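Here's the structure, in structure tokens; my notes come after.
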Amino acid sequence: YVAQGATNREVARSLSVSTRTVDYHLRNVFAALGVRSRVELARLVERAEKTRAQL
């Protein structure tokens, strides 16, 4: 959801969790992947999908 542009509030609503939970986990994901923004995350996901499509 996030890489597609969803806000923390939208993600929280769709997963039935709090926005704080989404924020917490998103920060951990950003750190693990070495990205600092949603834009970087979206680019990383796009590259991964292209690579997978070529396999």
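Going by the structure tokens order, chains are called A, B, ..., each with residues numbered from 1, while ligands are numbered from 1 in the order shown.
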Would you mind listing what lies within 10 Å of range 20-31 of chain A as a list in words, with only C-alpha atoms counted and same-chain residues fewer than 2 positions away left out? Val2, Thr7, Asn8, Arg9, Glu10, Val11, Ala12, Arg13, Leu15, Val17, Ser18, Leu33, Gly34, Val35, Arg36, Ser37, Arg38, Glu40 and Leu41 of chain A
Write out, as a short mmCIF file (atom, residue, chain, number, x, y, z; two decimals), in the first residue's frame, the residues just selected, with N, CA, C and O atoms.
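The resulting file, out.cif, is reproduced below:
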```cif
data_model
loop_
_atom_site.label_atom_id
_atom_site.label_comp_id
_atom_site.auth_asym_id
_atom_site.auth_seq_id
_atom_site.Cartn_x
_atom_site.Cartn_y
_atom_site.Cartn_z
N VAL A 2 1.86 1.28 0.85
CA VAL A 2 2.67 2.49 1.01
C VAL A 2 3.40 2.85 -0.27
O VAL A 2 3.41 4.01 -0.68
N THR A 7 -1.46 6.69 2.47
CA THR A 7 -1.00 7.35 3.69
C THR A 7 -1.01 6.35 4.85
O THR A 7 -1.62 5.28 4.75
N ASN A 8 -0.34 6.73 5.93
CA ASN A 8 -0.35 5.87 7.12
C ASN A 8 -1.77 5.64 7.60
O ASN A 8 -2.13 4.54 8.00
N ARG A 9 -2.60 6.67 7.53
CA ARG A 9 -3.99 6.54 7.97
C ARG A 9 -4.75 5.55 7.09
O ARG A 9 -5.51 4.71 7.59
N GLU A 10 -4.54 5.61 5.79
CA GLU A 10 -5.21 4.69 4.87
C GLU A 10 -4.75 3.26 5.09
O GLU A 10 -5.56 2.33 5.08
N VAL A 11 -3.46 3.09 5.30
CA VAL A 11 -2.91 1.74 5.55
C VAL A 11 -3.48 1.21 6.86
O VAL A 11 -3.92 0.06 6.93
N ALA A 12 -3.48 2.04 7.89
CA ALA A 12 -3.99 1.62 9.20
C ALA A 12 -5.45 1.20 9.10
O ALA A 12 -5.84 0.17 9.66
N ARG A 13 -6.23 1.98 8.38
CA ARG A 13 -7.66 1.66 8.24
C ARG A 13 -7.84 0.32 7.52
O ARG A 13 -8.64 -0.51 7.93
N LEU A 15 -5.82 -2.19 7.37
CA LEU A 15 -5.31 -3.31 8.15
C LEU A 15 -5.92 -3.41 9.55
O LEU A 15 -5.57 -4.31 10.31
N VAL A 17 -5.43 -1.45 12.17
CA VAL A 17 -4.44 -1.17 13.21
C VAL A 17 -4.37 0.34 13.39
O VAL A 17 -4.95 1.10 12.63
N SER A 18 -3.60 0.78 14.38
CA SER A 18 -3.48 2.22 14.61
C SER A 18 -2.45 2.83 13.66
O SER A 18 -1.58 2.14 13.13
N LEU A 33 15.69 -1.43 4.73
CA LEU A 33 15.92 -1.35 3.29
C LEU A 33 16.88 -0.21 2.91
O LEU A 33 17.27 -0.10 1.75
N GLY A 34 17.20 0.62 3.88
CA GLY A 34 18.10 1.74 3.61
C GLY A 34 17.48 2.84 2.79
O GLY A 34 18.16 3.50 2.00
N VAL A 35 16.18 3.05 2.96
CA VAL A 35 15.50 4.14 2.26
C VAL A 35 15.04 5.17 3.28
O VAL A 35 14.89 4.87 4.47
N ARG A 36 14.85 6.41 2.81
CA ARG A 36 14.47 7.48 3.73
C ARG A 36 13.13 8.11 3.40
O ARG A 36 12.70 9.02 4.10
N SER A 37 12.48 7.66 2.36
CA SER A 37 11.20 8.27 2.01
C SER A 37 10.31 7.27 1.28
O SER A 37 10.77 6.23 0.80
N ARG A 38 9.05 7.64 1.16
CA ARG A 38 8.10 6.82 0.42
C ARG A 38 8.46 6.78 -1.06
O ARG A 38 8.24 5.77 -1.72
N GLU A 40 11.53 6.86 -2.32
CA GLU A 40 12.60 5.87 -2.47
C GLU A 40 12.05 4.46 -2.36
O GLU A 40 12.49 3.56 -3.10
N LEU A 41 11.12 4.24 -1.46
CA LEU A 41 10.52 2.92 -1.31
C LEU A 41 9.79 2.51 -2.58
O LEU A 41 9.93 1.38 -3.05
#
```
Using DSSP on the backbone, list every residue of chain A that comes out as helix (DSSP H, G or I), and give them as a ChimeraX atom specification. /A:2-4,8-15,19-33,38-54
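Each of A:Ala53, A:Arg47, A:Ala32, A:Ala42 was compared to Ala6 in chain A using only C-alpha atoms, and A:Ala42 turns out to be the nearest.
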